[in-house]
>>> print(open('entry-v3.csv').read())   # CSV, C-alpha atoms
chain,number,residue,atom,x,y,z
A,6,MET,CA,21.0,24.3,-72.6
A,7,PRO,CA,23.9,26.0,-70.7
A,8,VAL,CA,23.1,27.7,-67.5
A,9,THR,CA,23.7,31.5,-67.4
A,10,GLY,CA,24.0,34.0,-64.6
A,11,HIS,CA,26.1,33.8,-61.5
A,12,SER,CA,28.7,31.1,-61.1
A,13,PRO,CA,28.0,28.5,-58.4
A,14,PRO,CA,29.7,29.2,-55.1
A,15,PRO,CA,33.1,27.5,-54.7
A,16,PRO,CA,33.0,24.3,-52.7
A,17,PRO,CA,33.9,24.6,-49.0
A,18,PRO,CA,37.5,23.8,-48.2
A,19,CYS,CA,38.0,20.2,-47.1
A,20,PRO,CA,38.4,19.8,-43.3
A,21,ALA,CA,41.9,20.1,-41.9
A,22,LEU,CA,43.8,16.9,-41.3
A,23,VAL,CA,45.4,17.1,-37.9
A,24,CYS,CA,47.9,14.4,-37.0
A,25,LEU,CA,48.6,13.8,-33.4
A,26,THR,CA,51.7,11.9,-32.2
A,27,CYS,CA,52.4,10.8,-28.6
A,28,GLY,CA,56.0,11.8,-28.6
A,29,ASP,CA,58.0,9.2,-26.6
A,30,PRO,CA,55.3,6.5,-26.0
A,31,ALA,CA,57.1,5.5,-22.8
A,32,GLY,CA,56.0,8.8,-21.2
A,33,ILE,CA,52.6,10.4,-20.6
A,34,GLY,CA,52.1,11.3,-24.2
A,35,PRO,CA,49.7,8.5,-24.9
A,36,GLU,CA,47.6,9.4,-21.9
A,37,VAL,CA,47.3,13.1,-22.8
A,38,VAL,CA,46.5,12.3,-26.4
A,39,LEU,CA,43.7,9.9,-25.5
A,40,ASP,CA,42.2,12.3,-22.9
A,41,ALA,CA,42.4,15.3,-25.2
A,42,TRP,CA,40.8,13.2,-28.0
A,43,SER,CA,37.7,12.7,-25.9
A,44,ARG,CA,37.6,16.4,-24.8
A,45,THR,CA,38.4,18.5,-27.8
A,46,THR,CA,35.7,20.2,-29.9
A,47,ALA,CA,38.0,20.1,-32.9
A,48,HIS,CA,36.3,17.0,-34.4
A,49,THR,CA,33.6,19.3,-35.8
A,50,ARG,CA,36.2,21.3,-37.7
A,51,ALA,CA,38.9,18.9,-38.6
A,52,ARG,CA,39.7,15.2,-39.2
A,53,LEU,CA,41.9,14.0,-36.4
A,54,ARG,CA,44.3,11.1,-36.6
A,55,VAL,CA,46.6,9.6,-34.0
A,56,VAL,CA,49.8,8.2,-35.4
A,57,ALA,CA,50.8,5.4,-33.0
A,58,ARG,CA,50.6,1.7,-32.4
A,59,ALA,CA,46.9,0.8,-31.9
A,60,ASP,CA,47.8,-1.9,-29.4
A,61,LEU,CA,49.7,0.6,-27.3
A,62,LEU,CA,46.7,2.9,-27.1
A,63,ARG,CA,44.4,0.0,-26.2
A,64,ASP,CA,46.8,-1.0,-23.4
A,65,VAL,CA,47.0,2.5,-22.0
A,66,LEU,CA,43.2,2.8,-22.1
A,67,ARG,CA,42.9,-0.6,-20.3
A,68,THR,CA,45.5,0.2,-17.6
A,69,VAL,CA,44.9,3.9,-16.8
A,70,ARG,CA,41.5,3.9,-15.2
A,71,SER,CA,41.1,7.6,-15.2
A,72,LEU,CA,40.9,7.8,-19.0
A,73,PRO,CA,37.6,7.7,-20.8
A,74,ARG,CA,36.4,4.5,-22.3
A,75,LEU,CA,37.2,4.9,-26.0
A,76,ALA,CA,37.2,2.6,-28.9
A,77,VAL,CA,40.4,2.4,-31.0
A,78,GLU,CA,40.1,1.9,-34.8
A,79,GLN,CA,43.1,1.5,-37.1
A,80,VAL,CA,42.7,2.9,-40.6
A,81,ALA,CA,44.8,3.4,-43.7
A,82,ALA,CA,46.7,6.7,-44.1
A,83,ASP,CA,44.3,7.9,-46.9
A,84,ASP,CA,41.0,7.0,-45.1
A,85,PRO,CA,38.7,10.0,-45.5
A,86,ARG,CA,36.3,9.4,-42.6
A,87,PRO,CA,35.7,12.1,-40.1
A,88,SER,CA,36.8,11.7,-36.4
A,89,ASN,CA,34.6,11.8,-33.3
A,90,ALA,CA,35.1,11.9,-29.6
A,91,GLU,CA,34.2,8.3,-29.0
A,92,THR,CA,36.5,6.4,-31.3
A,93,VAL,CA,40.2,7.1,-31.7
A,94,VAL,CA,41.2,6.9,-35.4
A,95,VAL,CA,44.7,5.5,-35.6
A,96,VAL,CA,47.3,5.4,-38.4
A,97,GLU,CA,50.1,3.1,-37.5
A,98,PRO,CA,53.7,4.1,-38.3
A,99,ASP,CA,56.0,1.9,-40.2
A,100,ASN,CA,58.1,0.6,-37.2
A,101,THR,CA,55.4,-1.1,-35.1
A,102,GLU,CA,57.3,-4.3,-34.1
A,103,GLU,CA,59.4,-3.1,-31.2
A,104,VAL,CA,57.8,-3.1,-27.7
A,105,VAL,CA,58.6,0.1,-25.7
A,106,PRO,CA,58.9,-0.3,-21.9
A,107,ARG,CA,56.7,2.4,-20.4
A,108,GLY,CA,57.8,4.7,-17.7
A,109,ARG,CA,61.5,4.8,-18.4
A,110,ILE,CA,64.1,6.1,-20.9
A,111,SER,CA,65.0,3.7,-23.7
A,112,ALA,CA,66.4,3.6,-27.2
A,113,ALA,CA,63.2,1.8,-28.2
A,114,GLY,CA,61.1,4.8,-27.0
A,115,GLY,CA,63.3,7.1,-29.1
A,116,ARG,CA,63.0,5.0,-32.2
A,117,ALA,CA,59.2,4.7,-31.8
A,118,ALA,CA,58.9,8.5,-31.4
A,119,VAL,CA,60.8,9.3,-34.5
A,120,GLY,CA,59.0,6.6,-36.5
A,121,ALA,CA,55.6,8.1,-35.6
A,122,LEU,CA,56.9,11.6,-36.4
A,123,GLU,CA,58.1,10.5,-39.8
A,124,THR,CA,54.7,9.0,-40.7
A,125,ALA,CA,52.8,12.0,-39.4
A,126,PHE,CA,55.1,14.4,-41.2
A,127,ARG,CA,54.4,12.6,-44.5
A,128,LEU,CA,50.6,12.8,-43.9
A,129,VAL,CA,50.7,16.5,-43.1
A,130,GLN,CA,52.9,17.2,-46.1
A,131,SER,CA,50.4,15.5,-48.4
A,132,ALA,CA,47.6,17.6,-47.0
A,133,GLY,CA,49.4,20.9,-47.8
A,134,ARG,CA,47.9,24.0,-46.3
A,135,ARG,CA,45.0,21.9,-44.9
A,136,GLY,CA,47.3,19.8,-42.7
A,137,ALA,CA,48.7,20.3,-39.2
A,138,LEU,CA,51.0,18.3,-36.8
A,139,VAL,CA,50.4,18.2,-33.1
A,140,THR,CA,53.1,16.4,-31.1
A,141,GLY,CA,53.5,14.9,-27.6
A,142,PRO,CA,56.6,15.3,-25.5
A,143,LEU,CA,60.0,13.8,-26.6
A,144,HIS,CA,62.8,12.8,-24.3
A,145,LYS,CA,66.2,14.0,-25.6
A,146,GLU,CA,68.2,11.2,-23.9
A,147,ALA,CA,66.0,8.5,-25.5
A,148,LEU,CA,66.4,10.2,-28.9
A,149,HIS,CA,70.2,10.1,-28.6
A,150,ALA,CA,70.1,6.5,-27.3
A,151,ALA,CA,68.3,5.6,-30.6
A,152,GLY,CA,71.0,7.2,-32.6
A,153,HIS,CA,69.3,10.5,-33.5
A,154,ASP,CA,71.5,13.7,-33.0
A,155,VAL,CA,68.6,16.2,-33.0
A,156,PRO,CA,67.8,18.2,-29.8
A,157,GLY,CA,64.1,17.9,-30.4
A,158,HIS,CA,61.0,18.1,-32.7
A,159,THR,CA,61.8,21.7,-33.9
A,160,GLU,CA,65.2,20.8,-35.3
A,161,TRP,CA,64.1,17.4,-36.7
A,162,LEU,CA,61.3,19.2,-38.6
A,163,ALA,CA,63.7,21.9,-39.9
A,164,ARG,CA,66.0,19.2,-41.3
A,165,ALA,CA,63.0,17.2,-42.7
A,166,CYS,CA,62.0,20.4,-44.6
A,167,GLY,CA,65.6,20.8,-46.0
A,168,LEU,CA,66.4,23.7,-43.8
A,169,PRO,CA,69.1,24.5,-41.2
A,170,ASP,CA,68.2,24.1,-37.5
A,171,ALA,CA,68.3,27.9,-37.1
A,172,ALA,CA,65.5,28.4,-39.7
A,173,ALA,CA,63.0,27.3,-37.0
A,174,SER,CA,62.1,29.1,-33.8
A,175,MET,CA,59.8,28.3,-31.0
A,176,MET,CA,56.8,30.3,-29.7
A,177,LEU,CA,55.0,29.5,-26.5
A,178,TRP,CA,51.3,30.4,-26.6
A,179,LEU,CA,49.2,31.0,-23.6
A,180,PRO,CA,45.5,31.0,-24.6
A,181,PRO,CA,43.1,33.3,-22.9
A,182,THR,CA,42.0,32.3,-19.4
A,183,THR,CA,38.8,32.9,-17.6
A,184,ASP,CA,40.0,32.0,-14.1
A,185,GLY,CA,41.0,35.6,-13.3
A,186,LEU,CA,44.5,34.7,-12.3
A,187,VAL,CA,46.4,35.6,-15.5
A,188,HIS,CA,45.5,37.9,-18.3
A,189,GLY,CA,45.9,36.5,-21.8
A,190,PRO,CA,46.5,35.7,-24.5
A,191,LEU,CA,50.3,35.9,-24.7
A,192,GLY,CA,52.8,34.6,-27.2
A,193,VAL,CA,56.6,34.3,-26.5
A,194,VAL,CA,59.1,33.6,-29.3
A,195,HIS,CA,62.7,32.5,-28.7
A,196,VAL,CA,65.6,33.9,-30.7
A,197,THR,CA,67.9,31.1,-29.7
A,198,LEU,CA,66.7,27.7,-28.6
A,199,HIS,CA,68.2,24.3,-27.7
A,200,GLU,CA,71.9,25.1,-27.0
A,201,SER,CA,74.1,26.1,-24.1
A,202,LEU,CA,73.6,29.6,-22.7
A,203,ALA,CA,77.2,30.5,-23.8
A,204,THR,CA,76.4,29.4,-27.4
A,205,ALA,CA,73.1,31.2,-27.4
A,206,ILE,CA,74.7,34.5,-26.4
A,207,GLU,CA,77.5,34.1,-29.0
A,208,ARG,CA,74.9,33.5,-31.7
A,209,LEU,CA,72.6,36.4,-30.8
A,210,SER,CA,72.3,38.8,-33.7
A,211,THR,CA,70.2,41.7,-34.9
A,212,PRO,CA,68.9,39.8,-38.0
A,213,GLY,CA,68.0,36.8,-35.8
A,214,ILE,CA,66.0,39.0,-33.5
A,215,VAL,CA,64.3,40.7,-36.4
A,216,ALA,CA,63.4,37.3,-38.0
A,217,ALA,CA,61.9,36.1,-34.6
A,218,GLY,CA,59.9,39.2,-34.2
A,219,GLU,CA,58.5,39.1,-37.7
A,220,ARG,CA,57.5,35.5,-37.2
A,221,LEU,CA,55.8,36.2,-33.9
A,222,ALA,CA,53.9,39.1,-35.4
A,223,SER,CA,52.6,37.0,-38.3
A,224,LEU,CA,51.4,34.2,-36.0
A,225,LEU,CA,49.8,36.6,-33.6
A,226,VAL,CA,47.8,38.2,-36.4
A,227,ALA,CA,46.5,34.8,-37.3
A,228,LEU,CA,45.6,33.9,-33.7
A,229,LEU,CA,44.3,37.3,-32.6
A,230,GLY,CA,42.9,38.7,-35.8
A,231,ARG,CA,44.5,42.1,-35.2
A,232,ARG,CA,47.9,43.8,-35.0
A,233,PRO,CA,49.8,42.7,-31.9
A,234,ARG,CA,51.8,44.7,-29.4
A,235,ILE,CA,55.3,43.1,-29.0
A,236,GLY,CA,57.8,43.7,-26.3
A,237,VAL,CA,61.5,42.7,-26.9
A,238,ALA,CA,63.4,41.4,-23.9
A,239,ALA,CA,66.9,42.6,-22.9
A,240,LEU,CA,69.7,40.1,-22.5
A,241,ASN,CA,71.5,41.4,-19.4
A,242,PRO,CA,70.2,42.3,-15.9
A,243,HIS,CA,68.5,45.6,-15.7
A,244,GLY,CA,68.8,45.9,-19.5
A,245,GLY,CA,72.6,46.3,-19.3
A,246,GLU,CA,72.5,49.4,-17.1
A,247,GLY,CA,73.8,51.7,-19.9
A,248,GLY,CA,76.6,49.3,-20.7
A,249,LEU,CA,77.7,48.5,-17.1
A,250,PHE,CA,76.4,44.9,-17.4
A,251,GLY,CA,77.0,44.4,-21.1
A,252,ASP,CA,76.4,46.2,-24.4
A,253,GLU,CA,74.2,43.7,-26.3
A,254,GLU,CA,71.2,45.9,-25.7
A,255,THR,CA,72.6,48.9,-27.6
A,256,ARG,CA,74.7,47.0,-30.0
A,257,ILE,CA,72.4,44.2,-31.1
A,258,ILE,CA,68.9,44.4,-29.6
A,259,ALA,CA,67.9,48.0,-30.0
A,260,PRO,CA,68.7,48.0,-33.7
A,261,ALA,CA,66.5,45.0,-34.2
A,262,VAL,CA,63.6,46.8,-32.4
A,263,ALA,CA,64.1,49.8,-34.7
A,264,ALA,CA,64.0,47.4,-37.8
A,265,LEU,CA,60.8,45.8,-36.6
A,266,ARG,CA,59.2,49.2,-36.1
A,267,ALA,CA,60.4,50.2,-39.6
A,268,ALA,CA,58.7,47.1,-41.0
A,269,GLY,CA,55.3,48.2,-39.5
A,270,ILE,CA,55.4,46.0,-36.4
A,271,GLU,CA,54.3,47.6,-33.1
A,272,ALA,CA,57.5,46.6,-31.2
A,273,ALA,CA,59.1,48.2,-28.2
A,274,GLY,CA,62.2,47.6,-26.0
A,275,PRO,CA,64.6,46.2,-25.1
A,276,PHE,CA,63.1,45.9,-21.6
A,277,PRO,CA,64.5,44.0,-18.6
A,278,ALA,CA,63.0,40.6,-18.7
A,279,ASP,CA,62.1,40.5,-15.0
A,280,THR,CA,59.5,43.3,-15.4
A,281,LEU,CA,58.6,42.7,-19.1
A,282,PHE,CA,56.8,39.5,-18.4
A,283,LEU,CA,54.9,41.0,-15.5
A,284,ARG,CA,53.7,43.9,-17.8
A,285,ALA,CA,52.7,41.3,-20.4
A,286,ALA,CA,50.8,39.2,-17.9
A,287,ARG,CA,48.8,42.3,-17.0
A,288,GLY,CA,47.8,42.8,-20.6
A,289,GLY,CA,50.5,45.3,-21.7
A,290,PHE,CA,51.8,43.2,-24.5
A,291,ASP,CA,50.4,40.4,-26.8
A,292,GLY,CA,53.8,39.0,-27.5
A,293,ILE,CA,57.4,38.9,-26.2
A,294,VAL,CA,60.7,38.3,-28.0
A,295,ALA,CA,62.9,36.3,-25.6
A,296,GLN,CA,66.6,36.0,-26.3
A,297,TYR,CA,67.2,32.5,-25.1
A,298,HIS,CA,65.3,29.3,-24.0
A,299,ASP,CA,64.9,29.7,-20.2
A,300,GLN,CA,64.3,33.5,-20.4
A,301,GLY,CA,61.0,32.6,-22.2
A,302,HIS,CA,60.2,29.2,-20.8
A,303,ILE,CA,60.4,29.9,-17.0
A,304,PRO,CA,57.9,32.8,-16.8
A,305,VAL,CA,55.5,31.2,-19.3
A,306,LYS,CA,55.4,27.9,-17.3
A,307,LEU,CA,54.9,29.9,-14.1
A,308,LEU,CA,52.0,31.8,-15.7
A,309,GLY,CA,50.3,28.7,-17.2
A,310,MET,CA,52.3,25.5,-17.4
A,311,HIS,CA,49.4,23.2,-18.2
A,312,ARG,CA,47.7,25.4,-20.8
A,313,ALA,CA,50.8,26.5,-22.6
A,314,VAL,CA,51.3,25.5,-26.3
A,315,ASN,CA,54.5,25.2,-28.2
A,316,ILE,CA,54.2,26.5,-31.8
A,317,THR,CA,57.0,26.2,-34.4
A,318,LEU,CA,57.8,29.2,-36.6
A,319,GLY,CA,59.8,29.4,-39.8
A,320,LEU,CA,58.8,26.1,-41.4
A,321,PRO,CA,56.3,25.5,-44.3
A,322,LEU,CA,53.7,23.7,-42.1
A,323,VAL,CA,51.6,24.1,-39.0
A,324,ARG,CA,53.1,22.4,-36.0
A,325,THR,CA,52.0,22.7,-32.4
A,326,SER,CA,52.9,20.8,-29.3
A,327,VAL,CA,52.5,20.4,-25.6
A,328,ALA,CA,54.7,22.6,-23.4
A,329,HIS,CA,55.5,19.9,-20.9
A,330,GLY,CA,57.8,16.9,-20.8
A,331,THR,CA,57.5,13.1,-20.8
A,332,ALA,CA,57.0,12.9,-17.0
A,333,PHE,CA,58.1,9.2,-16.7
A,334,ASP,CA,57.5,9.4,-12.9
A,335,ILE,CA,53.7,9.7,-13.2
A,336,VAL,CA,53.1,7.3,-16.1
A,337,GLY,CA,50.1,5.1,-15.6
A,338,ARG,CA,48.9,6.9,-12.4
A,339,GLY,CA,46.1,8.9,-14.0
A,340,ASP,CA,47.6,12.2,-13.0
A,341,ALA,CA,48.6,13.5,-16.4
A,342,ASP,CA,46.9,16.7,-17.4
A,343,SER,CA,45.7,17.0,-21.0
A,344,THR,CA,45.0,20.7,-21.0
A,345,SER,CA,48.1,21.6,-23.0
A,346,MET,CA,47.4,18.9,-25.6
A,347,GLU,CA,43.8,20.2,-26.0
A,348,ALA,CA,45.1,23.7,-26.4
A,349,ALA,CA,47.6,22.6,-29.0
A,350,ILE,CA,44.9,20.9,-31.0
A,351,ASP,CA,42.7,23.9,-30.9
A,352,ALA,CA,45.6,26.3,-31.9
A,353,ALA,CA,46.6,24.0,-34.8
A,354,VAL,CA,43.0,24.0,-36.2
A,355,ARG,CA,42.7,27.8,-35.8
A,356,LEU,CA,46.0,28.3,-37.7
A,357,VAL,CA,44.9,26.1,-40.6
A,358,GLU,CA,41.6,27.9,-40.7
A,359,ALA,CA,43.4,31.2,-40.9
A,360,GLY,CA,45.5,30.0,-43.8
A,361,TRP,CA,48.8,30.4,-41.8
A,362,SER,CA,51.9,28.3,-42.1
A,363,GLY,CA,55.0,28.3,-40.0
A,364,ALA,CA,56.8,30.2,-42.8
A,365,GLY,CA,54.3,33.1,-42.3
>>> encode(input="entry-v3.csv", output="structure tokens")
Amino acid sequence: MPVTGHSPPPPPPCPALVCLTCGDPAGIGPEVVLDAWSRTTAHTRARLRVVARADLLRDVLRTVRSLPRLAVEQVAADDPRPSNAETVVVVEPDNTEEVVPRGRISAAGGRAAVGALETAFRLVQSAGRRGALVTGPLHKEALHAAGHDVPGHTEWLARACGLPDAAASMMLWLPPTTDGLVHGPLGVVHVTLHESLATAIERLSTPGIVAAGERLASLLVALLGRRPRIGVAALNPHGGEGGLFGDEETRIIAPAVAALRAAGIEAAGPFPADTLFLRAARGGFDGIVAQYHDQGHIPVKLLGMHRAVNITLGLPLVRTSVAHGTAFDIVGRGDADSTSMEAAIDAAVRLVEAGWSGAG
């Protein structure tokens, strides 16, 4: 006899699949991934996987004494088991034969980094809206030595998604802090990215600023659960001083701010960057639109280098990353700080849970 009445509740969504890569395995990436694996609380909300050579991870655990004593278990790409803080669940990439010398730049490191990224990207794509990619630091010189002409993860992912490099932008995310030193949270998006300063200024455009501001607003809504307040940085010193130091503020940036406000985004500016970041650090803004790479990176790293997270905007997937480099000089010493990797994992899971993707 058929059952009548209310329909049964829908099944809960499957746990997010979060794939971690070490970036260049010659750097501190393996160390911060392993340490973060043991510390993150994300295992209760997602299935974590490390895409790397299992023997490399075992060797790092054996030689870096400050790391926790973890087991390493290699599984198939479609293995459904949950993850936990005691056993690192590893999916090996296709190119596992070549040995990578640790602590120095090499073509082998660049090839290994891209091989792991390719495998992790396929896994995240197969998971759809329930997948996320968290990446360790790359080294640009090792990438080029390996024959790859991409500046970094952001552009590689854009091309893998069939999009131009300019389709993706970078946001740096500072999670809230309880140490009393810096107010938070704060998100900073970059209109231009990995290019010379001369090229970045030449490429600066009103539509580009509007697109970056819209992406920033969408992501901050997902992270904060409310409408964010966004400040837009000027390009020139003192905001151009009424055209004495340049006219980009009135010609390019101010029209973009007006367009953002017309779209319902609480945006203001352009403001001189030297005071804008101070205002944001004191809680005046939730997000900042920076016009070029160092304008955003330098203040964020001063405010919270080890807890900052890199989030990619403009792509149809969730991708977060550490905000530091490969640090070849401290490899194996036990000095690597995993705070940024832990924050990147947490941000990735939160974005999947909010139903957000890089495309908005």
>>> residues_around(input="entry-v3.csv", residues="Leu61 in chain A", least_positions_apart="6", cutoff="9 Å", atoms="all atoms listed in the file", output="mmCIF file with C-alpha atoms, in the frame of the given file")
data_model
loop_
_atom_site.group_PDB
_atom_site.id
_atom_site.type_symbol
_atom_site.label_atom_id
_atom_site.label_comp_id
_atom_site.auth_asym_id
_atom_site.auth_seq_id
_atom_site.Cartn_x
_atom_site.Cartn_y
_atom_site.Cartn_z
ATOM 1 C CA PRO A 30 55.300 6.500 -26.000
ATOM 2 C CA PRO A 35 49.700 8.500 -24.900
ATOM 3 C CA VAL A 104 57.800 -3.100 -27.700
#
>>> closest_residue(input="entry-v3.csv", among="A:Gly192, A:Gly218, A:Pro260, A:Gly230", to="Gly288 in chain A", atoms="all atoms listed in the file")
A:Gly192
>>> closest_residue(input="entry-v3.csv", among="A:Ala222, A:Ala112, A:Leu128, A:Leu198", to="Ala171 in chain A", atoms="all atoms listed in the file")
A:Leu198
>>> closest_residue(input="entry-v3.csv", among="A:Leu179, A:Ile214, A:Ala31, A:Leu229", to="Pro275 in chain A", atoms="only C-alpha atoms")
A:Ile214
>>> closest_residue(input="entry-v3.csv", among="A:Thr26, A:Thr280, A:Thr211, A:Ser223", to="Ile258 in chain A", atoms="all atoms listed in the file")
A:Thr211
>>> closest_residue(input="entry-v3.csv", among="A:Gly152, A:Gly251, A:Arg58, A:Lys145", to="Glu103 in chain A", atoms="only C-alpha atoms")
A:Arg58
>>> residues_around(input="entry-v3.csv", residues="range 109-111 of chain A", least_positions_apart="6", cutoff="9 Å", atoms="only C-alpha atoms", output="ChimeraX atom specification")
/A:29,31-32,144,146-148,150-151,333-334
>>> atom_distance(input="entry-v3.csv", atom1="CA of Arg312 in chain A", atom2="CA of Leu221 in chain A")
18.8 Å
>>> closest_residue(input="entry-v3.csv", among="A:Val95, A:Leu191, A:Ile335, A:Ala359", to="Asp83 in chain A", atoms="all atoms listed in the file")
A:Val95
>>> atom_distance(input="entry-v3.csv", atom1="CA of Ser43 in chain A", atom2="CA of Trp178 in chain A")
22.3 Å
>>> atom_distance(input="entry-v3.csv", atom1="CA of Gly213 in chain A", atom2="CA of Tyr297 in chain A")
11.6 Å
